[in-house]
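Raw contents of upload24.txt, compact mmCIF, C-alpha atoms and all ligand atoms:
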# COMPACT_ATOMS: atom_id res chain seq x y z
CA MET A 165 -30.51 264.08 69.79
CA SER A 166 -33.95 262.78 68.76
CA ALA A 167 -35.43 263.08 65.26
CA TYR A 168 -37.70 265.78 66.65
CA GLU A 169 -34.72 267.79 67.94
CA LYS A 170 -32.78 267.28 64.71
CA ILE A 171 -35.63 268.66 62.61
CA ALA A 172 -36.14 271.49 65.10
CA THR A 173 -32.54 272.68 64.51
CA TYR A 174 -33.57 273.72 60.99
CA GLU A 175 -36.91 275.28 61.90
CA THR A 176 -35.52 278.79 62.00
CA LEU A 177 -33.54 278.43 58.78
CA ASP A 178 -34.45 281.10 56.25
CA PHE A 179 -35.08 278.75 53.33
CA ALA A 180 -35.75 281.58 50.88
CA ALA A 181 -32.40 283.21 51.72
CA PHE A 182 -30.57 279.89 51.51
CA PHE A 183 -32.07 279.06 48.12
CA ALA A 184 -31.28 282.57 46.86
CA SER A 185 -27.61 281.95 47.76
CA VAL A 186 -27.27 278.64 45.87
CA THR A 187 -24.97 278.96 42.86
CA GLU A 188 -24.58 276.63 39.89
CA ASP A 189 -21.02 275.83 41.07
CA ARG A 190 -22.44 274.77 44.43
CA ILE A 191 -24.86 272.35 42.74
CA ARG A 192 -22.14 270.94 40.46
CA TYR A 193 -19.94 270.44 43.54
CA ALA A 194 -22.73 268.50 45.29
CA LEU A 195 -23.13 266.34 42.18
CA ILE A 196 -19.49 265.26 41.97
CA LYS A 197 -19.14 264.33 45.64
CA PRO A 198 -19.31 260.58 46.40
CA SER A 199 -21.65 261.30 49.33
CA ILE A 200 -23.46 264.49 50.21
CA ASN A 201 -24.20 266.27 53.47
CA GLU A 202 -27.34 268.08 54.62
CA GLU A 203 -26.35 271.36 52.98
CA ASP A 204 -25.62 269.65 49.65
CA PHE A 205 -29.00 267.94 49.90
CA LEU A 206 -30.72 271.28 50.32
CA CYS A 207 -28.81 272.64 47.31
CA LEU A 208 -30.17 269.75 45.21
CA LEU A 209 -33.68 270.71 46.32
CA SER A 210 -33.19 274.36 45.29
CA PRO A 211 -34.96 276.02 42.34
CA GLN A 212 -31.55 276.39 40.60
CA ALA A 213 -31.05 272.61 40.70
CA GLU A 214 -34.00 272.27 38.30
CA ASN A 215 -31.42 273.02 35.59
CA TYR A 216 -29.48 269.90 36.67
CA LEU A 217 -32.24 267.32 36.70
CA GLU A 218 -30.61 265.33 33.90
CA GLU A 219 -27.30 265.08 35.81
CA MET A 220 -29.16 264.26 39.01
CA ALA A 221 -31.13 261.55 37.18
CA GLN A 222 -27.96 259.94 35.83
CA LYS A 223 -26.39 259.89 39.27
CA ALA A 224 -29.57 258.59 40.95
CA HIS A 225 -29.93 255.88 38.28
CA LYS A 226 -26.38 254.60 38.93
CA ILE A 227 -26.88 254.66 42.69
CA ALA A 228 -30.18 252.80 42.38
CA LEU A 229 -28.70 250.09 40.14
CA ASN A 230 -25.79 249.69 42.50
CA GLN A 231 -27.96 249.44 45.62
CA PHE A 232 -31.06 247.65 44.38
CA GLY A 233 -30.47 246.22 40.89
CA ARG A 234 -33.42 246.09 38.52
CA THR A 235 -36.25 244.95 40.73
CA VAL A 236 -39.48 246.65 41.73
CA VAL A 237 -41.61 245.11 44.49
CA LEU A 238 -45.36 245.26 43.97
CA TYR A 239 -47.66 245.54 46.98
CA THR A 240 -51.21 246.57 47.70
CA PRO A 241 -52.98 248.18 50.65
CA MET A 242 -55.75 246.38 52.51
CA TYR A 243 -58.16 248.68 54.35
CA LEU A 244 -59.43 247.08 57.56
CA ALA A 245 -61.61 250.00 58.69
CA ASN A 246 -62.28 253.67 58.08
CA TYR A 247 -63.44 254.79 61.51
CA CYS A 248 -61.42 257.78 62.61
CA VAL A 249 -61.44 260.29 65.45
CA ASN A 250 -59.16 262.79 63.72
CA ALA A 251 -60.10 265.66 61.47
CA CYS A 252 -57.24 265.83 58.95
CA THR A 253 -58.40 268.44 56.45
CA TYR A 254 -56.93 266.53 53.49
CA CYS A 255 -58.61 263.15 54.09
CA GLY A 256 -61.98 261.67 53.14
CA TYR A 257 -62.04 259.63 56.36
CA ASN A 258 -61.99 262.84 58.46
CA SER A 259 -64.33 262.31 61.43
CA SER A 260 -66.38 265.36 60.39
CA ASN A 261 -67.26 263.81 57.02
CA GLU A 262 -70.60 262.04 56.66
CA ILE A 263 -69.37 258.90 54.95
CA LYS A 264 -70.18 255.24 55.09
CA ARG A 265 -68.03 253.80 57.89
CA LYS A 266 -67.06 250.18 57.93
CA LYS A 267 -64.82 247.70 59.71
CA LEU A 268 -64.00 244.24 58.45
CA SER A 269 -64.93 241.32 60.65
CA LEU A 270 -62.14 238.76 61.04
CA GLU A 271 -63.99 236.59 58.55
CA ASP A 272 -64.19 239.43 56.03
CA ALA A 273 -60.52 240.28 56.64
CA GLU A 274 -59.54 236.74 55.72
CA LYS A 275 -61.75 236.86 52.61
CA GLU A 276 -60.13 240.15 51.58
CA ALA A 277 -56.64 238.77 52.27
CA LEU A 278 -57.34 235.72 50.11
CA ALA A 279 -58.64 237.88 47.25
CA ILE A 280 -55.43 239.93 47.43
CA ARG A 281 -53.24 236.85 47.64
CA ASN A 282 -55.02 235.41 44.59
CA GLN A 283 -53.95 238.46 42.61
CA GLY A 284 -50.37 237.39 43.30
CA PHE A 285 -49.43 239.79 46.10
CA ARG A 286 -47.13 238.60 48.89
CA HIS A 287 -46.50 242.03 50.45
CA ILE A 288 -49.43 244.02 51.84
CA ILE A 289 -50.07 247.06 53.99
CA LEU A 290 -52.92 246.97 56.50
CA LEU A 291 -54.64 250.30 57.01
CA THR A 292 -57.08 251.70 59.51
CA GLY A 293 -58.18 255.17 60.47
CA GLU A 294 -57.40 256.25 64.02
CA SER A 295 -59.97 254.85 66.37
CA ARG A 296 -58.76 252.89 69.33
CA THR A 297 -62.42 252.10 70.06
CA HIS A 298 -63.29 250.56 66.69
CA THR A 299 -59.86 249.24 65.77
CA PRO A 300 -57.92 248.60 68.98
CA VAL A 301 -54.43 247.11 68.85
CA SER A 302 -55.94 243.74 69.83
CA TYR A 303 -58.14 243.74 66.68
CA ILE A 304 -55.20 244.65 64.41
CA LYS A 305 -53.14 241.95 66.11
CA ASP A 306 -55.90 239.36 65.51
CA CYS A 307 -56.10 240.34 61.84
CA ILE A 308 -52.33 240.01 61.41
CA SER A 309 -52.26 236.62 63.16
CA LEU A 310 -55.11 235.40 60.97
CA ILE A 311 -53.77 236.46 57.58
CA LYS A 312 -50.00 236.13 58.00
CA LYS A 313 -50.10 232.65 56.48
CA TYR A 314 -50.97 234.25 53.14
CA PHE A 315 -48.17 236.82 52.97
CA SER A 316 -44.37 237.15 53.18
CA SER A 317 -44.53 240.70 54.48
CA ILE A 318 -47.23 242.57 56.38
CA SER A 319 -46.80 246.28 56.97
CA ILE A 320 -49.09 248.44 59.06
CA GLU A 321 -50.26 251.95 58.27
CA ILE A 322 -52.23 252.76 61.39
CA TYR A 323 -52.26 255.33 64.21
CA PRO A 324 -48.96 255.79 66.13
CA LEU A 325 -48.40 253.26 68.88
CA GLU A 326 -46.39 252.88 72.04
CA GLN A 327 -43.19 250.88 71.78
CA GLN A 328 -44.65 247.80 73.51
CA GLU A 329 -47.71 247.91 71.24
CA TYR A 330 -45.45 247.83 68.17
CA ARG A 331 -43.71 244.87 69.80
CA GLN A 332 -47.05 243.03 70.10
CA LEU A 333 -47.85 243.53 66.42
CA ILE A 334 -44.34 242.48 65.37
CA GLU A 335 -44.71 239.32 67.42
CA ALA A 336 -48.03 238.69 65.68
CA GLY A 337 -46.36 238.91 62.26
CA ALA A 338 -46.04 242.57 61.20
CA ASP A 339 -42.61 243.50 59.85
CA GLY A 340 -43.08 246.94 58.31
CA LEU A 341 -44.43 250.31 59.39
CA THR A 342 -45.62 253.05 57.07
CA ILE A 343 -46.14 256.33 58.85
CA TYR A 344 -46.22 259.63 57.02
CA GLN A 345 -45.67 262.75 59.08
CA GLU A 346 -47.92 264.35 56.42
CA VAL A 347 -46.35 267.76 57.02
CA TYR A 348 -43.15 268.61 58.91
CA ASN A 349 -43.92 272.32 59.21
CA LYS A 350 -45.31 272.61 62.74
CA ASP A 351 -47.67 275.52 62.07
CA THR A 352 -49.21 273.84 59.05
CA TYR A 353 -49.35 270.57 60.97
CA LYS A 354 -51.51 272.30 63.59
CA THR A 355 -53.81 273.79 60.96
CA VAL A 356 -54.43 270.57 59.04
CA HIS A 357 -54.78 268.45 62.20
CA PRO A 358 -57.19 270.63 64.18
CA LYS A 359 -58.38 267.96 66.61
CA GLY A 360 -57.87 264.41 67.77
CA PRO A 361 -54.73 262.54 68.84
CA LYS A 362 -53.07 263.19 65.49
CA SER A 363 -52.67 266.83 66.47
CA ASN A 364 -49.68 265.69 68.60
CA TYR A 365 -46.84 266.43 66.14
CA GLN A 366 -43.98 265.05 68.22
CA TYR A 367 -45.73 261.79 69.13
CA ARG A 368 -46.30 261.06 65.45
CA LEU A 369 -42.80 262.10 64.43
CA GLU A 370 -41.23 259.74 66.94
CA ALA A 371 -43.42 256.74 66.05
CA ALA A 372 -40.96 255.36 63.48
CA GLU A 373 -38.22 255.36 66.10
CA ARG A 374 -40.45 253.58 68.64
CA ALA A 375 -41.12 250.89 66.02
CA ALA A 376 -37.40 250.65 65.24
CA LYS A 377 -36.66 250.17 68.93
CA SER A 378 -39.24 247.38 68.96
CA GLY A 379 -37.34 245.58 66.20
CA ILE A 380 -39.42 246.35 63.11
CA HIS A 381 -37.70 245.30 59.87
CA SER A 382 -38.71 248.21 57.65
CA VAL A 383 -40.08 251.71 57.92
CA SER A 384 -41.59 253.91 55.24
CA ILE A 385 -41.86 257.64 55.86
CA GLY A 386 -42.85 260.70 53.84
CA ALA A 387 -44.56 264.05 53.66
CA LEU A 388 -47.87 264.53 51.88
CA LEU A 389 -46.58 266.90 49.23
CA GLY A 390 -48.84 269.88 48.66
CA LEU A 391 -49.64 270.73 52.28
CA SER A 392 -46.63 273.04 52.68
CA PRO A 393 -43.83 274.28 50.35
CA TRP A 394 -42.44 271.01 48.98
CA ARG A 395 -38.70 271.86 49.01
CA GLN A 396 -38.74 272.30 52.78
CA GLU A 397 -40.91 269.25 53.34
CA ALA A 398 -38.61 267.08 51.20
CA PHE A 399 -35.63 268.40 53.17
CA PHE A 400 -37.22 267.51 56.53
CA THR A 401 -38.24 264.07 55.22
CA GLY A 402 -34.61 263.43 54.21
CA LEU A 403 -33.36 264.56 57.62
CA HIS A 404 -35.84 262.24 59.32
CA GLY A 405 -34.70 259.34 57.12
CA GLN A 406 -31.03 260.12 57.76
CA TYR A 407 -31.69 260.14 61.51
CA LEU A 408 -33.34 256.71 61.34
CA GLN A 409 -30.56 255.22 59.21
CA ASP A 410 -27.81 256.64 61.42
CA ASN A 411 -29.38 255.35 64.61
CA TYR A 412 -30.89 252.07 63.36
CA PRO A 413 -28.52 250.80 60.65
CA ALA A 414 -30.35 247.47 60.28
CA LEU A 415 -33.62 249.21 59.47
CA GLU A 416 -34.77 249.06 55.84
CA LEU A 417 -35.86 252.61 55.05
CA THR A 418 -38.19 253.68 52.24
CA LEU A 419 -39.11 257.24 51.34
CA SER A 420 -42.45 258.02 49.75
CA THR A 421 -43.44 261.05 47.74
CA PRO A 422 -47.25 261.10 47.90
CA ARG A 423 -48.93 264.16 46.40
CA ILE A 424 -52.29 265.20 47.76
CA ARG A 425 -55.26 263.79 45.77
CA PRO A 426 -58.93 264.71 45.43
CA HIS A 427 -61.03 263.38 48.30
CA LYS A 428 -64.42 263.87 49.93
CA GLY A 429 -64.86 266.65 52.48
CA THR A 430 -62.96 269.59 53.91
CA GLU A 431 -60.90 271.75 51.65
CA THR A 432 -57.33 272.55 52.53
CA LYS A 433 -54.83 275.00 51.07
CA ILE A 434 -52.77 273.21 48.43
CA TYR A 435 -49.27 274.28 47.39
CA GLU A 436 -48.47 273.34 43.83
CA VAL A 437 -46.18 270.33 43.34
CA THR A 438 -45.59 269.57 39.67
CA GLU A 439 -44.35 266.26 38.25
CA LYS A 440 -41.00 267.95 37.69
CA ASN A 441 -40.91 268.96 41.38
CA LEU A 442 -41.69 265.42 42.47
CA VAL A 443 -38.89 264.08 40.27
CA GLN A 444 -36.45 266.55 41.81
CA ALA A 445 -37.42 265.52 45.35
CA MET A 446 -37.05 261.85 44.47
CA LEU A 447 -33.63 262.32 42.84
CA ALA A 448 -32.37 264.40 45.76
CA TYR A 449 -33.52 261.65 48.18
CA LYS A 450 -31.69 258.98 46.20
CA ILE A 451 -28.44 260.97 46.10
CA PHE A 452 -28.64 261.96 49.78
CA LEU A 453 -29.69 258.53 51.14
CA PRO A 454 -28.49 255.94 48.60
CA ARG A 455 -29.56 252.96 50.73
CA ALA A 456 -33.15 254.17 51.07
CA GLY A 457 -35.80 252.70 48.78
CA ILE A 458 -38.32 254.87 46.96
CA ASN A 459 -42.04 254.12 46.86
CA ILE A 460 -44.38 255.52 44.21
CA THR A 461 -48.08 255.08 44.87
CA THR A 462 -51.12 255.00 42.59
CA ARG A 463 -51.70 258.64 43.49
CA GLU A 464 -49.56 259.22 40.38
CA SER A 465 -50.62 258.51 36.80
CA ALA A 466 -49.63 255.33 34.97
CA GLU A 467 -47.38 257.05 32.45
CA PHE A 468 -45.59 259.13 35.07
CA ARG A 469 -45.03 256.13 37.35
CA ASP A 470 -43.54 254.15 34.48
CA ASN A 471 -41.12 256.95 33.63
CA LEU A 472 -39.94 257.13 37.24
CA ILE A 473 -38.91 253.47 37.44
CA PRO A 474 -35.29 253.89 36.22
CA LEU A 475 -34.74 256.77 38.63
CA GLY A 476 -34.67 254.58 41.71
CA VAL A 477 -38.19 253.30 42.38
CA THR A 478 -38.04 250.13 44.50
CA LYS A 479 -41.70 249.73 45.44
CA MET A 480 -44.97 250.38 43.64
CA SER A 481 -48.52 249.80 44.75
CA ALA A 482 -50.85 248.08 42.30
CA ALA A 483 -54.55 247.19 41.99
CA VAL A 484 -55.27 249.69 44.73
CA SER A 485 -58.65 250.20 46.34
CA THR A 486 -58.84 252.81 49.10
CA GLN A 487 -62.16 251.37 50.27
CA VAL A 488 -62.63 249.03 53.20
CA GLY A 489 -63.07 245.56 51.71
CA GLY A 490 -62.32 246.98 48.27
CA HIS A 491 -60.89 243.72 46.90
CA SER A 492 -63.60 241.29 47.88
CA ILE A 493 -66.71 242.79 49.42
CA GLU A 494 -69.68 244.13 47.51
CA ASP A 495 -70.94 246.45 50.22
CA LYS A 496 -67.92 248.74 50.12
CA SER A 497 -67.22 251.94 52.05
CA THR A 498 -66.45 255.43 50.75
CA SER A 499 -62.91 255.68 49.37
CA GLN A 500 -60.20 257.63 51.27
CA PHE A 501 -59.05 259.47 48.13
CA ASP A 502 -59.14 258.95 44.35
CA ILE A 503 -56.34 256.99 42.75
CA ALA A 504 -54.71 257.97 39.43
CA ASP A 505 -53.29 254.67 38.15
CA GLY A 506 -56.11 252.15 37.85
CA ARG A 507 -54.26 249.49 35.85
CA THR A 508 -54.50 245.81 36.67
CA VAL A 509 -51.59 243.99 38.29
CA GLU A 510 -50.73 242.33 34.99
CA GLU A 511 -50.72 245.64 33.13
CA ILE A 512 -48.34 247.12 35.69
CA ARG A 513 -46.06 244.07 35.57
CA CYS A 514 -45.85 244.39 31.76
CA ALA A 515 -45.07 248.10 32.01
CA ILE A 516 -42.23 247.43 34.48
CA ARG A 517 -40.78 244.73 32.23
CA GLU A 518 -40.93 247.08 29.25
CA LYS A 519 -38.67 249.44 31.18
CA GLY A 520 -36.12 246.63 31.59
CA TYR A 521 -36.96 245.98 35.23
CA ASN A 522 -38.18 242.91 37.03
CA PRO A 523 -41.55 243.20 38.83
CA ILE A 524 -41.55 240.95 41.89
CA PHE A 525 -44.10 240.08 44.53
CA LYS A 526 -41.65 239.20 47.24
CA ASP A 527 -38.20 240.40 48.25
CA TRP A 528 -38.18 239.44 51.89
CA GLU A 529 -39.68 237.16 54.51
CA PRO A 530 -39.06 236.81 58.22
CA PHE A 531 -37.11 233.89 59.69
S1 LIG B 1 -55.48 260.78 57.40
FE1 LIG B 1 -55.74 259.05 58.77
S2 LIG B 1 -55.95 259.99 60.78
FE2 LIG B 1 -56.36 261.60 59.29
S3 LIG B 1 -58.60 261.62 59.02
FE3 LIG B 1 -57.67 260.27 57.44
S4 LIG B 1 -57.78 258.22 58.31
FE4 LIG B 1 -58.04 259.69 60.00
Show me the file's structure as structure tokens.
Amino acid sequence: MSAYEKIATYETLDFAAFFASVTEDRIRYALIKPSINEEDFLCLLSPQAENYLEEMAQKAHKIALNQFGRTVVLYTPMYLANYCVNACTYCGYNSSNEIKRKKLSLEDAEKEALAIRNQGFRHIILLTGESRTHTPVSYIKDCISLIKKYFSSISIEIYPLEQQEYRQLIEAGADGLTIYQEVYNKDTYKTVHPKGPKSNYQYRLEAAERAAKSGIHSVSIGALLGLSPWRQEAFFTGLHGQYLQDNYPALELTLSTPRIRPHKGTETKIYEVTEKNLVQAMLAYKIFLPRAGINITTRESAEFRDNLIPLGVTKMSAAVSTQVGGHSIEDKSTSQFDIADGRTVEEIRCAIREKGYNPIFKDWEPF
């Protein structure tokens, strides 16, 4: 069974009826089990489980300490280009938006990489929009080859690739893939991805598996919370993660909980996701998939991010610019979306230490 088929088995589930049937005993039962199944996971995502957030937090905290200790890896994104052929209704880089488009030359990419390295970062994520014309695989490969000497870990957050294309980028020096399905609900997926290659739901969903088959070290997945009812989206994200862990045990899996942020351009229907909701999703992930890391981006406020640290956060972005060349180049592009935590790297490191955790720039490097 593929990840696509696994998720499809729950498509007809009446979530409202299931949630209405969840009792407090059922939630308590899920909380005392050493490991939980898919149904327990859904119970922990139910509205009734909001009354058990403290118990969930204690359990998640213990699991996180046991699996990851007290370290939080800091990383930053590096935008290579913002050309895009898609029309995602929640993104400032949407091809219908009249924005300043830009692509870093190899020289500029090295300058940007050095500026990021000089801030202390050893883990980065390279981003592009989806344009095989402006940013073909060969260009991304050249960038990786050029800058890998500066970093211990290079992840890519780009358009979905074929298995052999992932292989090429891994051989060039990439070791991580970040690919958010954005929304697992197929109908909403169609609505918010009205045109372009990204409208192919299944091809995107199966990208993480193609990268895993190519030998990638780590994969980060997630739903953009706010595009569809969050409890269902968190459930599907967990199922997707479970599928990847079951089939690729060596893969380092991270789950992200990005909430939609203000951006330039098209409006899209937003479902409310409160901070409390996000905490519940994160705790349920940790209890369901103890070995999975949790990533919290600068889409969230400084204070909120700091409070999440003891609940299982393993990765945090810092000093983020969502502009192409945002770390080094004066003639910047339009940003993809607004960030909420604008602290410096040093400020974030201090905040992590104050929580009793160790901020680190590097937790892995390839042989
Ligand atoms: S989310 Fe990605 S694919 Fe969609 S418009 Fe933005 S840059 Fe393009």
What does the structure give for the distance between atom CA of A:Gly233 and atom CA of A:Ala448, in Å to one decimal?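 A separation of 18.9 Å between them.
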At most 6 Å from ligand LIG 1 (chain B) (all atoms listed in the file): residue list as an NGL selection string: :A and (248 or 250-252 or 255 or 257-258 or 293-294)
Between atom CA of A:Asn215 and atom CA of A:Thr187, what distance in Å does the model show, to one decimal? 11.4 Å
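Across A:Glu175, A:Asp351, A:Glu529, A:Glu326, the tightest approach to A:Tyr367 is made by A:Glu326 when counting all atoms listed in the file.
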Within 9 Å of (-49.4, 241.8, 68.0) in the file's own coordinates, which protein, DNA or RNA residues have an atom, counting all atoms listed in the file? List them as a compact mmCIF listing (two decimals) with C-alpha atoms, in the frame of the given file.
# COMPACT_ATOMS: atom_id res chain seq x y z
CA VAL A 301 -54.43 247.11 68.85
CA SER A 302 -55.94 243.74 69.83
CA ILE A 304 -55.20 244.65 64.41
CA LYS A 305 -53.14 241.95 66.11
CA ASP A 306 -55.90 239.36 65.51
CA ILE A 308 -52.33 240.01 61.41
CA SER A 309 -52.26 236.62 63.16
CA GLU A 329 -47.71 247.91 71.24
CA TYR A 330 -45.45 247.83 68.17
CA ARG A 331 -43.71 244.87 69.80
CA GLN A 332 -47.05 243.03 70.10
CA LEU A 333 -47.85 243.53 66.42
CA ILE A 334 -44.34 242.48 65.37
CA GLU A 335 -44.71 239.32 67.42
CA ALA A 336 -48.03 238.69 65.68
CA GLY A 337 -46.36 238.91 62.26
CA ALA A 338 -46.04 242.57 61.20
Among listed residues A:Asp189, A:Asp339, A:Glu218, A:Asp410, nearest A:Ala375 (using all atoms listed in the file): A:Asp339
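Note that atom CA of A:Thr342 and atom CA of A:Ser269 are 22.9 Å apart.
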Residues within 12 Å of (-56.7, 244.6, 36.3), counting all atoms listed in the file, listed as a ChimeraX atom specification: /A:283-284,482-485,491,505-514
Residues near A:Leu278, cut-off 12 Å, all atoms listed in the file, skip fewer than 2 positions along chain, as a ChimeraX atom specification: /A:242,271-276,280-286,288,310-315,489,491-493
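Remark: for A:Tyr239, the closest of the candidate residues A:Thr176, A:Asn441, A:Ser384, A:Thr461 is A:Thr461 (distances computed over all atoms listed in the file).
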Kindly indicate which residue among A:Glu370, A:Arg425, A:Ile473, A:Phe525 lies nearest to A:Asp502, using all atoms listed in the file for the distances.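 Ranked by minimum distance to A:Asp502, first place goes to A:Arg425.
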Just need the box for stretch 459-478 of chain A, edges along x, y and z, holding every atom the file lists for it with 8 Å tacked onto each side, so centre and edge lengths in Å to one decimal, as AutoDock Vina command-line options.
--center_x -43.2 --center_y 254.7 --center_z 39.7 --size_x 33.0 --size_y 25.1 --size_z 30.4
